[in-house]
Every structure is written in structure tokens, then in C-alpha cells.
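Trainee: Structure file input-v2.txt (compact mmCIF, C-alpha atoms) is given on the next line.
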# COMPACT_ATOMS: atom_id res chain seq x y z
CA MET A 5 76.09 -134.92 61.34
CA PRO A 6 76.16 -138.14 63.41
CA VAL A 7 76.87 -136.02 66.55
CA ILE A 8 73.66 -134.04 66.00
CA GLY A 9 71.67 -137.27 65.63
CA ILE A 10 73.14 -138.69 68.84
CA LEU A 11 72.40 -135.44 70.71
CA PHE A 12 68.84 -135.46 69.37
CA TRP A 13 68.23 -139.00 70.61
CA CYS A 14 69.86 -138.26 73.99
CA CYS A 15 67.63 -135.20 74.45
CA LEU A 16 64.60 -137.23 73.48
CA LEU A 17 65.50 -139.95 76.01
CA VAL A 18 66.03 -137.33 78.73
CA LEU A 19 62.62 -135.79 78.00
CA VAL A 20 60.94 -139.20 78.08
CA GLY A 21 62.72 -140.00 81.37
CA ILE A 22 61.65 -136.70 82.94
CA ARG A 23 58.08 -137.23 81.79
CA ARG A 24 58.05 -140.80 83.06
CA PHE A 25 59.61 -140.28 86.48
CA VAL A 26 58.96 -136.61 87.31
CA GLY A 27 56.07 -135.42 85.13
CA TRP A 28 55.40 -132.01 83.67
CA PRO A 29 55.47 -128.77 85.64
CA THR A 30 51.97 -127.37 86.09
CA THR A 31 50.00 -125.03 88.33
CA VAL A 32 46.81 -125.55 90.33
CA THR A 33 44.68 -122.60 91.40
CA LEU A 34 42.79 -122.78 94.70
CA LEU A 35 39.91 -120.36 95.21
CA GLN A 36 39.60 -118.15 98.32
CA TYR A 37 37.29 -120.65 100.05
CA GLN A 38 39.53 -123.65 99.34
CA SER A 39 42.45 -125.13 101.18
CA GLY A 40 44.43 -128.21 100.36
CA ILE A 41 47.32 -130.56 100.91
CA LEU A 42 50.16 -131.14 98.46
CA TYR A 43 51.10 -134.83 98.14
CA ARG A 44 54.32 -136.07 96.58
CA LYS A 45 54.44 -139.75 95.66
CA GLY A 46 51.52 -140.40 98.01
CA TYR A 47 52.96 -138.65 101.08
CA PRO A 48 51.71 -135.29 102.38
CA VAL A 49 54.33 -132.58 101.90
CA ARG A 50 52.64 -129.35 103.04
CA ASP A 51 49.36 -127.53 103.46
CA VAL A 52 48.48 -125.04 100.73
CA GLY A 53 46.08 -122.11 100.87
CA PRO A 54 44.22 -120.08 98.27
CA GLY A 55 46.19 -119.00 95.21
CA ARG A 56 48.43 -120.71 92.66
CA VAL A 57 50.45 -123.78 93.56
CA ARG A 58 53.25 -125.02 91.31
CA MET A 59 53.69 -128.79 91.14
CA TRP A 60 54.94 -131.66 89.01
CA ALA A 61 51.91 -133.36 87.45
CA GLY A 62 53.45 -136.84 87.37
CA ILE A 63 54.49 -137.20 91.00
CA GLU A 64 52.53 -134.55 92.91
CA LYS A 65 48.84 -134.01 93.55
CA VAL A 66 46.81 -131.39 95.43
CA ILE A 67 43.73 -132.58 97.34
CA THR A 68 41.39 -129.65 97.95
CA VAL A 69 39.00 -129.01 100.84
CA ASP A 70 36.03 -126.65 100.69
CA THR A 71 36.25 -124.46 103.81
CA ARG A 72 32.81 -122.85 103.49
CA SER A 73 30.28 -123.50 106.25
CA ILE A 74 28.45 -126.82 106.23
CA PRO A 75 24.78 -126.47 107.25
CA VAL A 76 23.20 -129.31 109.23
CA SER A 77 19.50 -129.71 109.95
CA PHE A 78 17.55 -132.66 111.34
CA GLU A 79 13.91 -132.87 112.43
CA ASN A 80 11.74 -135.49 114.14
CA ARG A 81 14.50 -137.61 115.64
CA ALA A 82 13.63 -139.85 118.58
CA VAL A 83 15.74 -140.71 121.61
CA ALA A 84 15.00 -142.77 124.73
CA LEU A 85 15.19 -140.95 128.06
CA THR A 86 16.26 -142.33 131.46
CA ASP A 87 12.65 -142.81 132.66
CA GLY A 88 11.63 -144.83 129.58
CA GLN A 89 9.87 -141.99 127.77
CA THR A 90 10.72 -141.02 124.22
CA ALA A 91 11.77 -137.51 123.31
CA VAL A 92 11.37 -136.10 119.81
CA PHE A 93 13.98 -133.52 118.88
CA GLY A 94 15.27 -131.52 115.97
CA PHE A 95 18.22 -129.19 115.55
CA SER A 96 20.08 -127.00 113.11
CA GLY A 97 23.68 -125.91 113.09
CA ASN A 98 26.66 -124.79 111.03
CA ALA A 99 30.30 -125.85 111.04
CA ASP A 100 33.29 -125.00 108.88
CA VAL A 101 36.71 -126.53 108.27
CA ASN A 102 39.36 -125.19 110.60
CA ASP A 103 42.24 -127.56 109.76
CA ALA A 104 42.26 -129.07 106.25
CA HIS A 105 44.71 -131.83 107.19
CA LYS A 106 42.58 -133.14 110.08
CA ALA A 107 39.35 -132.73 108.11
CA LEU A 108 40.61 -134.82 105.19
CA TYR A 109 41.61 -137.66 107.49
CA SER A 110 38.47 -137.47 109.66
CA ALA A 111 36.21 -139.45 107.30
CA GLN A 112 35.87 -140.67 103.74
CA ASN A 113 33.55 -137.70 103.06
CA PHE A 114 34.52 -134.90 105.42
CA ASN A 115 31.28 -132.98 104.71
CA GLN A 116 29.32 -135.59 106.70
CA VAL A 117 31.37 -135.25 109.91
CA PRO A 118 29.46 -132.26 111.40
CA ALA A 119 26.09 -133.99 110.91
CA TYR A 120 27.34 -137.18 112.53
CA VAL A 121 28.95 -135.42 115.49
CA LEU A 122 25.90 -133.25 116.16
CA LEU A 123 23.58 -136.28 116.03
CA VAL A 124 25.80 -138.31 118.37
CA CYS A 125 26.20 -135.48 120.88
CA SER A 126 22.47 -134.69 120.84
CA ARG A 127 21.53 -138.29 121.50
CA ALA A 128 24.17 -138.72 124.20
CA VAL A 129 23.12 -135.62 126.16
CA LEU A 130 19.37 -136.18 125.79
CA ASN A 131 19.73 -139.85 126.75
CA GLN A 132 21.05 -138.78 130.18
CA HIS A 133 17.92 -136.78 131.11
CA SER A 134 14.44 -137.70 132.29
CA SER A 135 11.23 -136.30 130.82
CA ALA A 136 10.64 -134.03 133.83
CA ASN A 137 14.18 -132.62 133.62
CA LEU A 138 13.81 -132.15 129.87
CA LYS A 139 10.90 -129.74 130.25
CA ILE A 140 12.69 -127.60 132.86
CA SER A 141 16.20 -127.20 131.46
CA GLN A 142 15.97 -126.96 127.68
CA ASN A 143 18.54 -124.11 127.44
CA LEU A 144 20.99 -125.99 129.67
CA ILE A 145 20.65 -129.10 127.50
CA GLU A 146 21.23 -127.06 124.34
CA GLY A 147 24.39 -125.59 125.88
CA LYS A 148 25.71 -129.04 126.89
CA ILE A 149 25.14 -130.39 123.39
CA ALA A 150 26.90 -127.40 121.80
CA GLU A 151 29.85 -127.64 124.22
CA GLN A 152 30.32 -131.37 123.65
CA ALA A 153 29.96 -131.03 119.87
CA LYS A 154 32.40 -128.10 119.73
CA GLU A 155 35.10 -130.16 121.46
CA ARG A 156 34.58 -133.23 119.25
CA LEU A 157 34.49 -131.17 116.06
CA LYS A 158 37.66 -129.33 117.07
CA ASN A 159 39.46 -132.68 117.35
CA GLN A 160 38.33 -133.51 113.80
CA GLY A 161 39.49 -130.19 112.30
CA PHE A 162 36.16 -128.35 112.31
CA ASN A 163 34.80 -125.27 114.04
CA LEU A 164 31.20 -125.20 115.31
CA LEU A 165 29.67 -121.89 114.25
CA SER A 166 26.14 -122.29 115.57
CA PHE A 167 23.81 -124.84 117.16
CA ARG A 168 20.14 -124.55 118.06
CA LEU A 169 17.48 -127.03 119.15
CA THR A 170 14.47 -126.42 116.90
CA GLN A 171 12.21 -129.05 118.40
CA LEU A 172 12.17 -130.79 121.78
CA SER A 173 9.09 -132.56 123.11
CA ILE A 174 7.99 -135.73 124.84
CA ALA A 175 6.30 -138.24 122.56
CA GLY A 176 2.90 -139.45 123.77
CA PRO A 177 2.05 -143.11 124.20
CA PRO A 178 1.00 -144.96 121.06
CA PRO A 179 -2.75 -145.17 120.43
CA GLU A 180 -4.44 -148.26 121.82
CA SER A 181 -5.75 -150.72 119.30
CA ASP A 182 -9.32 -151.92 119.25
CA ASN A 183 -9.85 -155.64 119.55
CA ARG A 184 -13.06 -155.43 117.53
CA ALA A 185 -13.40 -157.38 114.34
CA PRO A 186 -12.92 -155.30 111.21
CA ARG A 187 -16.06 -154.28 109.35
CA THR A 188 -16.70 -155.82 105.99
CA ALA A 189 -18.74 -154.34 103.23
CA SER A 190 -22.00 -156.14 102.60
CA ALA A 191 -23.69 -156.32 99.27
Output the file's structure as C-alpha cells, nothing else.
Mentor:
Amino acid sequence: MPVIGILFWCCLLVLVGIRRFVGWPTTVTLLQYQSGILYRKGYPVRDVGPGRVRMWAGIEKVITVDTRSIPVSFENRAVALTDGQTAVFGFSGNADVNDAHKALYSAQNFNQVPAYVLLVCSRAVLNQHSSANLKISQNLIEGKIAEQAKERLKNQGFNLLSFRLTQLSIAGPPPESDNRAPRTASA
């Protein structure tokens, strides 16, 4: 009888030790539009795709990434041109995650990376043109922006699906103010 008691307590200690240092075996299911990275004790072990992933809940964790397309749309943005004029532009585009590992490490919120990259590339390309050149070569400018954004997004783990300038015009000068005294209502 004392042997059974000792075995019981030994088994209980082993189970507590396994739970404390290894965790419980569990499964995580990733949907067809998800990808992820399996971490063990804080270090990335491998990339995982859609389906079931077996892991130890105490020491392993799966960080998931949504690989569906991320739509981006901006309107009425202003940028200074080389001749001092101001251009007003707007664009729309789509990007999706190509590499989950790069996308996770690209920013704190990886969904905001395509918007940031498209804004930066649009401003950089438009800032190099004058107002006269802007009117003539709108398709060329759109192609330059898309090419530059595609390269930068590829380095961050994304794939640019589409890009289109929706608005591109030169802003007029501000209205002149009158130096007349304001009218007051009389009784």
C-alpha cells in the first residue's frame, strides 16, 4: 500500500512538472486565408500555413497573419511640386501579405504598412515634378509610383496588387482677403 501512495505522488509531481515547464498539448486551426509563425520560448521556430498545428500551450505560441488583400484609399492629399505649386492627389490600391515572417516584423500593425508605403512613394514621386510636367505625364507618374511602391512593399513582405491615381490636379492660389472693415449690424 505505501508503494502505491509513493507512485501516486510521483506521478502527480511529474504531471505538475510537465504542466509547469512544458504545458499541455493543444492544436490551433488556421483558416485558408491565414498564415502564421510558431514561436517556442519566444523564438521563431517555423512558418505555418492553413490547417491544424499541434503545439505545447505552455511554451509555444502561434502568431497569425491575415493574408487577404488590404485596400488603401486616400483623397485630397497635398504635395509641394518643384516649381512651388501645390498638387492635390488621391489614390486607391490593394496589397496582400506575401511573406508572413517579414510582414510581422515590418511594423507594430502590419495592416498599416501598405498605406504608409503608398503615401510615401506618391509624395516622393510627385515632389520631383513641376506643375507643367504633371499635366502632361500623368500615366508615367502613376507607373513610377506603382513601381517604387511594389519594390518597397516586396522588401516588407507584401505584394502590390493594384494602384491607381484617382485624383491629380494643381491647387489654385488662395483667395485674396479684403482689407475692408467688417460690417456690423445696426439697430
Trainee: Between atom CA of Val57 of chain A and atom CA of Asn102 of chain A, what is the spacing in Å?
Mentor: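 If I compute the distance from atom CA of Asn102 of chain A to atom CA of Val57 of chain A, I get 20.4 Å.
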Trainee: Do you know which residues are at most 6 Å from Thr71 of chain A counting all atoms listed in the file, after dropping those on the same chain fewer than 3 positions away, and could you put them as a compact mmCIF listing (two decimals) with C-alpha atoms, in the frame of the given file?
Mentor:
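Listing of part.txt after writing:
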# COMPACT_ATOMS: atom_id res chain seq x y z
CA TYR A 37 37.29 -120.65 100.05
CA GLN A 38 39.53 -123.65 99.34
CA ASP A 100 33.29 -125.00 108.88
CA VAL A 101 36.71 -126.53 108.27
Trainee: For Pro118 of chain A, please output as a PyMOL selection string all residues within 9 Å (counting all atoms listed in the file; exclusion window: fewer than 3 positions along the same chain).
Mentor: chain A and resi 74-76+97-100+114-115+121-123+153+157+162+164
Trainee: For a quick check of understanding, using only C-alpha atoms, which of A:Ala104, A:Ile10, A:Ala91, A:Val49 has the smallest distance to Asn137 of chain A?
Mentor: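 Checking each candidate against Asn137 of chain A, we get A:Ala91 as the closest.
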Trainee: Show which residues sit within 12 Å of Gln36 of chain A, as JSON, numbers by chain. Count all atoms listed in the file, and ignore same-chain residues fewer than 6 positions away.
Mentor: {"A": [52, 53, 54, 55, 56, 68, 69, 70, 71, 72]}
Trainee: Of the residues A:Thr90, A:Gln112, A:Ser73, A:Ser134, which is the one nearest to Ala175 of chain A, using all atoms listed in the file?
Mentor: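 Using all atoms listed in the file, Ala175 of chain A sits closest to A:Thr90.
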Trainee: As an exercise, work out the distance from atom CA of Val92 of chain A to atom CA of Gln171 of chain A in Å and give it to one decimal place.
Mentor: 7.2 Å
Trainee: In Å, with one decimal, what is the gap from atom CA of Gln142 of chain A to atom CA of Tyr120 of chain A?
Mentor: 21.5 Å
Trainee: May I have the protein, DNA and RNA residues with any atom at most 7 Å from the point (12.5, -132.7, 116.3), counting all atoms listed in the file, written as a list in words?
Mentor: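 Nearby residues: Glu79, Asn80, Arg81, Val92, Phe93, Gly94, Phe95, Thr170, Gln171 and Leu172 of chain A.
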Trainee: Can you pull out every residue within 8 Å of Thr30 of chain A, counting all atoms listed in the file, but drop anything in the same chain fewer than 4 positions away, and send it as a list in words?
Mentor: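 The neighbour list is Arg58, Met59, Trp60 and Ala61 of chain A.
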